[in-house]
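Here is the file input-v6.pdb (PDB, C-alpha atoms).
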```pdb
MODEL        1
ATOM      1  CA  MET A  29     -16.666  18.390  -6.316  1.00  0.00           C
ATOM      2  CA  PRO A  30     -19.449  16.013  -7.380  1.00  0.00           C
ATOM      3  CA  SER A  31     -19.671  12.722  -5.523  1.00  0.00           C
ATOM      4  CA  ASP A  32     -19.078  10.777  -8.758  1.00  0.00           C
ATOM      5  CA  LEU A  33     -15.720  12.526  -9.127  1.00  0.00           C
ATOM      6  CA  SER A  34     -14.914  11.635  -5.525  1.00  0.00           C
ATOM      7  CA  ARG A  35     -15.783   8.011  -6.312  1.00  0.00           C
ATOM      8  CA  LEU A  36     -13.524   8.063  -9.372  1.00  0.00           C
ATOM      9  CA  LEU A  37     -10.662   9.552  -7.335  1.00  0.00           C
ATOM     10  CA  ASN A  38     -11.056   6.864  -4.656  1.00  0.00           C
ATOM     11  CA  ALA A  39     -10.974   4.166  -7.344  1.00  0.00           C
ATOM     12  CA  LEU A  40      -7.862   5.719  -8.907  1.00  0.00           C
ATOM     13  CA  GLY A  41      -6.265   5.904  -5.461  1.00  0.00           C
ATOM     14  CA  LEU A  42      -6.934   2.213  -4.914  1.00  0.00           C
ATOM     15  CA  ILE A  43      -5.467   1.467  -8.354  1.00  0.00           C
ATOM     16  CA  ALA A  44      -2.357   3.423  -7.324  1.00  0.00           C
ATOM     17  CA  VAL A  45      -2.076   1.326  -4.156  1.00  0.00           C
ATOM     18  CA  ASP A  46      -2.557  -1.824  -6.258  1.00  0.00           C
ATOM     19  CA  THR A  47       0.208  -0.676  -8.593  1.00  0.00           C
ATOM     20  CA  VAL A  48       2.641  -0.034  -5.746  1.00  0.00           C
ATOM     21  CA  LEU A  49       1.988  -3.453  -4.207  1.00  0.00           C
ATOM     22  CA  VAL A  50       2.248  -5.234  -7.580  1.00  0.00           C
ATOM     23  CA  LEU A  51       5.542  -3.448  -8.285  1.00  0.00           C
ATOM     24  CA  ALA A  52       6.800  -4.590  -4.884  1.00  0.00           C
ATOM     25  CA  PHE A  53       6.021  -8.158  -5.967  1.00  0.00           C
ATOM     26  CA  VAL A  54       7.825  -7.594  -9.278  1.00  0.00           C
ATOM     27  CA  ASP A  55      10.884  -6.443  -7.331  1.00  0.00           C
ATOM     28  CA  GLN A  56      10.589  -9.429  -5.003  1.00  0.00           C
ATOM     29  CA  PHE A  57      10.113 -12.154  -7.602  1.00  0.00           C
ATOM     30  CA  TRP A  58      11.699 -10.811 -10.810  1.00  0.00           C
ATOM     31  CA  PHE A  59      14.757  -9.178  -9.214  1.00  0.00           C
ATOM     32  CA  ARG A  60      14.895 -11.642  -6.277  1.00  0.00           C
ATOM     33  CA  ASP A  61      14.962  -8.806  -3.764  1.00  0.00           C
ATOM     34  CA  LEU A  62      13.268 -10.235  -0.674  1.00  0.00           C
ATOM     35  CA  PRO A  63      11.498  -7.671   1.527  1.00  0.00           C
ATOM     36  CA  CYS A  64      13.121  -6.718   4.807  1.00  0.00           C
ATOM     37  CA  PRO A  65      10.964  -6.334   7.954  1.00  0.00           C
ATOM     38  CA  LEU A  66      10.579  -2.584   7.390  1.00  0.00           C
ATOM     39  CA  CYS A  67       9.584  -3.236   3.762  1.00  0.00           C
ATOM     40  CA  ILE A  68       6.907  -5.658   4.933  1.00  0.00           C
ATOM     41  CA  LEU A  69       5.605  -3.049   7.392  1.00  0.00           C
ATOM     42  CA  GLN A  70       5.497  -0.457   4.598  1.00  0.00           C
ATOM     43  CA  ARG A  71       3.413  -2.890   2.542  1.00  0.00           C
ATOM     44  CA  ALA A  72       1.105  -3.194   5.556  1.00  0.00           C
ATOM     45  CA  GLY A  73       0.763   0.614   5.561  1.00  0.00           C
ATOM     46  CA  PHE A  74      -0.251   0.541   1.904  1.00  0.00           C
ATOM     47  CA  ILE A  75      -2.741  -2.228   2.645  1.00  0.00           C
ATOM     48  CA  ALA A  76      -4.278  -0.257   5.532  1.00  0.00           C
ATOM     49  CA  ALA A  77      -4.590   2.874   3.392  1.00  0.00           C
ATOM     50  CA  GLY A  78      -6.031   0.824   0.527  1.00  0.00           C
ATOM     51  CA  PHE A  79      -8.559  -0.679   2.929  1.00  0.00           C
ATOM     52  CA  GLY A  80      -9.846   2.821   3.700  1.00  0.00           C
ATOM     53  CA  LEU A  81     -10.208   3.553  -0.019  1.00  0.00           C
ATOM     54  CA  ALA A  82     -12.011   0.245  -0.532  1.00  0.00           C
ATOM     55  CA  LEU A  83     -14.425   1.140   2.297  1.00  0.00           C
ATOM     56  CA  ASN A  84     -15.205   4.388   0.472  1.00  0.00           C
ATOM     57  CA  LEU A  85     -15.939   2.473  -2.720  1.00  0.00           C
ATOM     58  CA  PHE A  86     -18.229  -0.105  -1.144  1.00  0.00           C
ATOM     59  CA  PHE A  87     -20.038   1.845   1.565  1.00  0.00           C
ATOM     60  CA  GLY A  88     -19.810   5.386   0.275  1.00  0.00           C
ATOM     61  CA  PRO A  89     -17.414   8.096   1.393  1.00  0.00           C
ATOM     62  CA  ARG A  90     -17.199   8.816   5.074  1.00  0.00           C
ATOM     63  CA  PRO A  91     -14.702  10.843   7.064  1.00  0.00           C
ATOM     64  CA  SER A  92     -13.900   7.733   9.110  1.00  0.00           C
ATOM     65  CA  HIS A  93     -12.861   5.885   5.940  1.00  0.00           C
ATOM     66  CA  TYR A  94     -10.534   8.730   5.018  1.00  0.00           C
ATOM     67  CA  GLY A  95      -9.256   8.501   8.597  1.00  0.00           C
ATOM     68  CA  VAL A  96      -8.249   4.881   7.918  1.00  0.00           C
ATOM     69  CA  VAL A  97      -6.398   6.050   4.795  1.00  0.00           C
ATOM     70  CA  VAL A  98      -4.601   8.791   6.714  1.00  0.00           C
ATOM     71  CA  LEU A  99      -3.681   6.490   9.627  1.00  0.00           C
ATOM     72  CA  GLY A 100      -2.351   3.770   7.285  1.00  0.00           C
ATOM     73  CA  ALA A 101      -0.402   6.293   5.231  1.00  0.00           C
ATOM     74  CA  THR A 102       0.982   8.009   8.339  1.00  0.00           C
ATOM     75  CA  LEU A 103       2.146   4.682   9.754  1.00  0.00           C
ATOM     76  CA  GLY A 104       3.711   3.755   6.414  1.00  0.00           C
ATOM     77  CA  ALA A 105       5.383   7.171   6.090  1.00  0.00           C
ATOM     78  CA  ALA A 106       6.893   6.858   9.575  1.00  0.00           C
ATOM     79  CA  ILE A 107       8.269   3.405   8.751  1.00  0.00           C
ATOM     80  CA  SER A 108       9.604   4.634   5.396  1.00  0.00           C
ATOM     81  CA  MET A 109      11.277   7.593   7.087  1.00  0.00           C
ATOM     82  CA  ARG A 110      12.834   5.248   9.642  1.00  0.00           C
ATOM     83  CA  GLN A 111      14.357   3.211   6.824  1.00  0.00           C
ATOM     84  CA  ILE A 112      15.537   6.339   5.005  1.00  0.00           C
ATOM     85  CA  LEU A 113      17.229   7.553   8.194  1.00  0.00           C
ATOM     86  CA  LEU A 114      18.909   4.163   8.675  1.00  0.00           C
ATOM     87  CA  HIS A 115      20.590   4.461   5.298  1.00  0.00           C
ATOM     88  CA  VAL A 116      21.214   8.205   5.035  1.00  0.00           C
ATOM     89  CA  VAL A 117      24.505   8.010   6.952  1.00  0.00           C
ATOM     90  CA  PRO A 118      27.447   7.619   4.549  1.00  0.00           C
ATOM     91  CA  GLY A 119      28.934   4.147   4.605  1.00  0.00           C
ATOM     92  CA  THR A 120      25.824   2.404   5.923  1.00  0.00           C
ATOM     93  CA  GLY A 121      24.808   1.170   2.492  1.00  0.00           C
ATOM     94  CA  ALA A 122      21.266   0.853   1.231  1.00  0.00           C
ATOM     95  CA  TYR A 123      18.675  -1.880   1.032  1.00  0.00           C
ATOM     96  CA  GLY A 124      17.325  -2.946  -2.326  1.00  0.00           C
ATOM     97  CA  ASN A 125      17.556  -1.513  -5.778  1.00  0.00           C
ATOM     98  CA  ALA A 126      17.387   2.154  -6.716  1.00  0.00           C
ATOM     99  CA  ILE A 127      14.845   3.360  -9.275  1.00  0.00           C
ATOM    100  CA  PHE A 128      15.510   6.756 -10.874  1.00  0.00           C
ATOM    101  CA  GLY A 129      18.131   7.345  -8.190  1.00  0.00           C
ATOM    102  CA  LEU A 130      15.839   6.719  -5.209  1.00  0.00           C
ATOM    103  CA  HIS A 131      15.377   3.514  -3.269  1.00  0.00           C
ATOM    104  CA  LEU A 132      11.960   1.918  -2.895  1.00  0.00           C
ATOM    105  CA  TYR A 133      11.559   3.097   0.698  1.00  0.00           C
ATOM    106  CA  THR A 134      12.068   6.695  -0.452  1.00  0.00           C
ATOM    107  CA  TRP A 135       9.455   6.250  -3.180  1.00  0.00           C
ATOM    108  CA  ALA A 136       7.167   4.715  -0.569  1.00  0.00           C
ATOM    109  CA  PHE A 137       7.551   7.800   1.645  1.00  0.00           C
ATOM    110  CA  ILE A 138       6.632  10.038  -1.296  1.00  0.00           C
ATOM    111  CA  ALA A 139       3.580   7.875  -2.085  1.00  0.00           C
ATOM    112  CA  PHE A 140       2.432   7.933   1.546  1.00  0.00           C
ATOM    113  CA  ALA A 141       2.795  11.723   1.685  1.00  0.00           C
ATOM    114  CA  LEU A 142       0.718  12.058  -1.498  1.00  0.00           C
ATOM    115  CA  MET A 143      -1.952   9.784  -0.001  1.00  0.00           C
ATOM    116  CA  ILE A 144      -2.195  11.948   3.106  1.00  0.00           C
ATOM    117  CA  ILE A 145      -2.453  15.125   1.016  1.00  0.00           C
ATOM    118  CA  GLY A 146      -4.998  13.544  -1.340  1.00  0.00           C
ATOM    119  CA  SER A 147      -7.158  12.375   1.556  1.00  0.00           C
ATOM    120  CA  ALA A 148      -7.026  15.829   3.130  1.00  0.00           C
ATOM    121  CA  VAL A 149      -8.149  17.426  -0.145  1.00  0.00           C
ATOM    122  CA  LEU A 150     -10.993  14.911  -0.520  1.00  0.00           C
ATOM    123  CA  LEU A 151     -12.072  15.552   3.076  1.00  0.00           C
ATOM    124  CA  LEU A 152     -12.620  19.201   2.137  1.00  0.00           C
ATOM    125  CA  ASN A 153     -15.500  18.130  -0.124  1.00  0.00           C
ATOM    126  CA  ASP A 154     -18.546  17.952   2.150  1.00  0.00           C
ATOM    127  CA  ARG A 155     -20.987  17.245  -0.703  1.00  0.00           C
ATOM    128  CA  GLN A 156     -19.635  13.708  -1.156  1.00  0.00           C
ATOM    129  CA  PHE A 157     -20.841  12.748   2.328  1.00  0.00           C
ATOM    130  CA  GLY A 158     -24.480  13.606   1.584  1.00  0.00           C
ATOM    131  CA  ARG A 159     -25.051  10.664  -0.749  1.00  0.00           C
ATOM    132  CA  PRO A 160     -27.499   8.344   1.052  1.00  0.00           C
ATOM    133  CA  GLU A 161     -27.012   5.028  -0.795  1.00  0.00           C
ATOM    134  CA  PRO A 162     -23.722   3.150  -0.774  1.00  0.00           C
ATOM    135  CA  TRP A 163     -21.796   3.203  -3.986  1.00  0.00           C
ATOM    136  CA  SER A 164     -21.662  -0.583  -3.944  1.00  0.00           C
ATOM    137  CA  GLN A 165     -25.180  -0.596  -5.396  1.00  0.00           C
ATOM    138  CA  ARG A 166     -23.823   0.747  -8.671  1.00  0.00           C
ATOM    139  CA  LEU A 167     -20.206  -0.331  -8.743  1.00  0.00           C
ATOM    140  CA  SER A 168     -18.769  -0.002 -12.209  1.00  0.00           C
ATOM    141  CA  VAL A 169     -15.921  -1.945 -13.746  1.00  0.00           C
ATOM    142  CA  LEU A 170     -13.116   0.374 -12.588  1.00  0.00           C
ATOM    143  CA  PRO A 171     -13.816   0.281  -8.822  1.00  0.00           C
ATOM    144  CA  LEU A 172     -14.674  -3.404  -8.937  1.00  0.00           C
ATOM    145  CA  THR A 173     -11.433  -4.228 -10.758  1.00  0.00           C
ATOM    146  CA  ALA A 174      -9.428  -2.067  -8.363  1.00  0.00           C
ATOM    147  CA  PHE A 175     -10.943  -3.893  -5.398  1.00  0.00           C
ATOM    148  CA  ALA A 176     -10.449  -7.365  -6.934  1.00  0.00           C
ATOM    149  CA  VAL A 177      -6.776  -6.691  -7.638  1.00  0.00           C
ATOM    150  CA  PHE A 178      -6.400  -5.253  -4.124  1.00  0.00           C
ATOM    151  CA  ALA A 179      -7.883  -8.394  -2.543  1.00  0.00           C
ATOM    152  CA  VAL A 180      -5.560 -10.668  -4.543  1.00  0.00           C
ATOM    153  CA  VAL A 181      -2.498  -8.569  -3.701  1.00  0.00           C
ATOM    154  CA  VAL A 182      -3.377  -8.507   0.018  1.00  0.00           C
ATOM    155  CA  VAL A 183      -3.659 -12.302   0.109  1.00  0.00           C
ATOM    156  CA  GLY A 184      -0.392 -12.516  -1.850  1.00  0.00           C
ATOM    157  CA  ASN A 185       1.345 -10.293   0.699  1.00  0.00           C
ATOM    158  CA  VAL A 186       0.168 -12.438   3.589  1.00  0.00           C
ATOM    159  CA  ILE A 187       1.463 -15.573   1.865  1.00  0.00           C
ATOM    160  CA  SER A 188       4.723 -13.854   0.899  1.00  0.00           C
ATOM    161  CA  THR A 189       5.307 -12.700   4.468  1.00  0.00           C
ATOM    162  CA  LEU A 190       4.725 -16.213   5.778  1.00  0.00           C
ATOM    163  CA  LEU A 191       7.165 -17.581   3.181  1.00  0.00           C
ATOM    164  CA  VAL A 192       9.857 -15.060   4.149  1.00  0.00           C
ATOM    165  CA  CYS A 193       9.345 -15.012   7.928  1.00  0.00           C
ATOM    166  CA  GLY A 194       7.532 -18.193   8.840  1.00  0.00           C
ATOM    167  CA  MET A 195       5.575 -17.837  12.060  1.00  0.00           C
ATOM    168  CA  GLY A 196       8.382 -16.028  13.909  1.00  0.00           C
ATOM    169  CA  PHE A 197      10.373 -12.852  13.565  1.00  0.00           C
ATOM    170  CA  CYS A 198      11.506 -11.838  10.115  1.00  0.00           C
ATOM    171  CA  PRO A 199      15.244 -11.924   9.406  1.00  0.00           C
ATOM    172  CA  ASP A 200      16.937  -8.509   9.204  1.00  0.00           C
ATOM    173  CA  ASN A 201      18.332  -9.174   5.751  1.00  0.00           C
ATOM    174  CA  PRO A 202      16.498 -12.135   4.196  1.00  0.00           C
ATOM    175  CA  THR A 203      18.396 -14.044   1.521  1.00  0.00           C
ATOM    176  CA  GLU A 204      16.037 -16.979   1.015  1.00  0.00           C
ATOM    177  CA  TYR A 205      12.505 -18.001   1.811  1.00  0.00           C
ATOM    178  CA  PHE A 206      11.999 -19.535   5.248  1.00  0.00           C
ATOM    179  CA  LEU A 207       9.787 -22.249   3.799  1.00  0.00           C
ATOM    180  CA  PHE A 208      12.551 -23.470   1.474  1.00  0.00           C
ATOM    181  CA  SER A 209      15.432 -23.189   3.943  1.00  0.00           C
ATOM    182  CA  GLY A 210      13.771 -24.576   7.059  1.00  0.00           C
ATOM    183  CA  THR A 211      15.415 -21.951   9.282  1.00  0.00           C
ATOM    184  CA  PRO A 212      15.287 -18.157   9.169  1.00  0.00           C
ATOM    185  CA  THR A 213      18.360 -16.511   7.657  1.00  0.00           C
TER     186      THR A 213
ENDMDL
END
```
Whole structure given in structure tokens:
Amino acid sequence: MPSDLSRLLNALGLIAVDTVLVLAFVDQFWFRDLPCPLCILQRAGFIAAGFGLALNLFFGPRPSHYGVVVLGATLGAAISMRQILLHVVPGTGAYGNAIFGLHLYTWAFIAFALMIIGSAVLLLNDRQFGRPEPWSQRLSVLPLTAFAVFAVVVVGNVISTLLVCGMGFCPDNPTEYFLFSGTPT
């Protein structure tokens, strides 16, 4: 696999992470479905994995950057599986809306699994690691846009988490923003 293809795949991966995080915001603000603590931790897993992809775009591909992707995705997958197992028992209900019959935490688990598999496949390409100069010297519009959206979404997630949780523990089932209520719900 040529290194330019690897670069394109990393940019597309970061766009996928951007899309997931933007869709989480759409669910939060359009459908008024505030994120639970496990949902916030899953977003953190996506952010960690996206950070590894962004490192590959700016400094060139390195196994350690793919390691960040795999660690973030593994953490996110474990948290997603925890939430799936909480709601798999009949009568326990579910958290949030279902999309195509699956809840967001199930879709998150699938996305994390695909990220781990994709990183493993990209790690099999040794030729991408031989490129001496960082890709940041010739960043095109696609990787730059992916990174810019990622940075905005990360800042948005930090602000959103502070609005939902304040500076303390997040409520188990948030119904309103901490900032607007004055006390956690």
Inset, instruction - Extract, using all atoms listed in the file, all DNA, RNA and protein residues at most 12 Å from His115 of chain A, discarding same-chain residues fewer than 6 positions from it, and format them as a PyMOL selection string. - result: chain A and resi 108-109+121-124+130-131+133-134
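Excluding Val149 of chain A and any residue on its chain fewer than 6 positions from it, the residues at most 12 Å away by all atoms listed in the file are Met29, Ser34, Leu37, Asn38, Pro91, Tyr94, Val98, Leu142 and Met143 of chain A.
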Inset, instruction - Name the residues captured by the PyMOL selection byres ((chain A and resi 49-64) around 7) when it is applied to the shown file; answer as a ChimeraX atom specification. - result: /A:45-48,65-68,71,124,181,200-203
Legend entry - Expected selection from the PyMOL selection byres ((chain A and resi 150) around 12), given as a ChimeraX atom specification: /A:29-31,33-38,41,81,84,89-91,93-95,97-98,143-149,151-157
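Atom CA of Gln111 of chain A sits 26.8 Å away from atom CA of Val180 of chain A.
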Legend entry - Spatial neighbours of Val169 of chain A, max dist 12 Å, only C-alpha atoms, sep filter under 5 positions, as a PyMOL selection string: chain A and resi 36+39+85+164+174-177
Inset, instruction - One decimal, Å: what's the distance from atom CA of Ile75 of chain A over to atom CA of Gly104 of chain A, could you say? - result: 9.6 Å
Legend entry - Residue with smallest distance to Asp32 of chain A - pool A:Gly73, A:Gly129, A:Gly184, A:Gly88, counting only C-alpha atoms: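 Residue with the minimum atom-to-atom distance to Asp32 of chain A: A:Gly88.
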Inset, instruction - Identify which of the residues A:Trp135, A:Glu204, A:Pro199, A:Gly119 lies closest to Gln70 of chain A, counting all atoms listed in the file when measuring atom-to-atom distances. - result: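 With all atoms listed in the file as the atom set, the closest residue is A:Trp135.
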Legend entry - Pairwise distance for atom CA of Pro171 of chain A and atom CA of Ala77 of chain A, rounded to one decimal in Å: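 Computed distance, atom CA of Pro171 of chain A to atom CA of Ala77 of chain A, equals 15.5 Å.
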Legend entry - Near-Cys193 of chain A list (8 Å; all atoms listed in the file; drop same-chain fewer than 4 positions) as a ChimeraX atom specification: /A:189,197-199,205-206,212
Next, the residues of the selection above should be written as an mmCIF file, in the coordinates of the input with C-alpha atoms.
```
data_model
loop_
_atom_site.group_PDB
_atom_site.id
_atom_site.type_symbol
_atom_site.label_atom_id
_atom_site.label_comp_id
_atom_site.auth_asym_id
_atom_site.auth_seq_id
_atom_site.Cartn_x
_atom_site.Cartn_y
_atom_site.Cartn_z
ATOM 1 C CA THR A 189 5.307 -12.700 4.468
ATOM 2 C CA PHE A 197 10.373 -12.852 13.565
ATOM 3 C CA CYS A 198 11.506 -11.838 10.115
ATOM 4 C CA PRO A 199 15.244 -11.924 9.406
ATOM 5 C CA TYR A 205 12.505 -18.001 1.811
ATOM 6 C CA PHE A 206 11.999 -19.535 5.248
ATOM 7 C CA PRO A 212 15.287 -18.157 9.169
#
```
Inset, instruction - Determine the nearest neighbour of Ile112 of chain A from the options A:Ile138, A:Ala76, A:Ala82, A:Leu40, counting all atoms listed in the file. - result: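 Closest to Ile112 of chain A, using all atoms listed in the file: A:Ile138.
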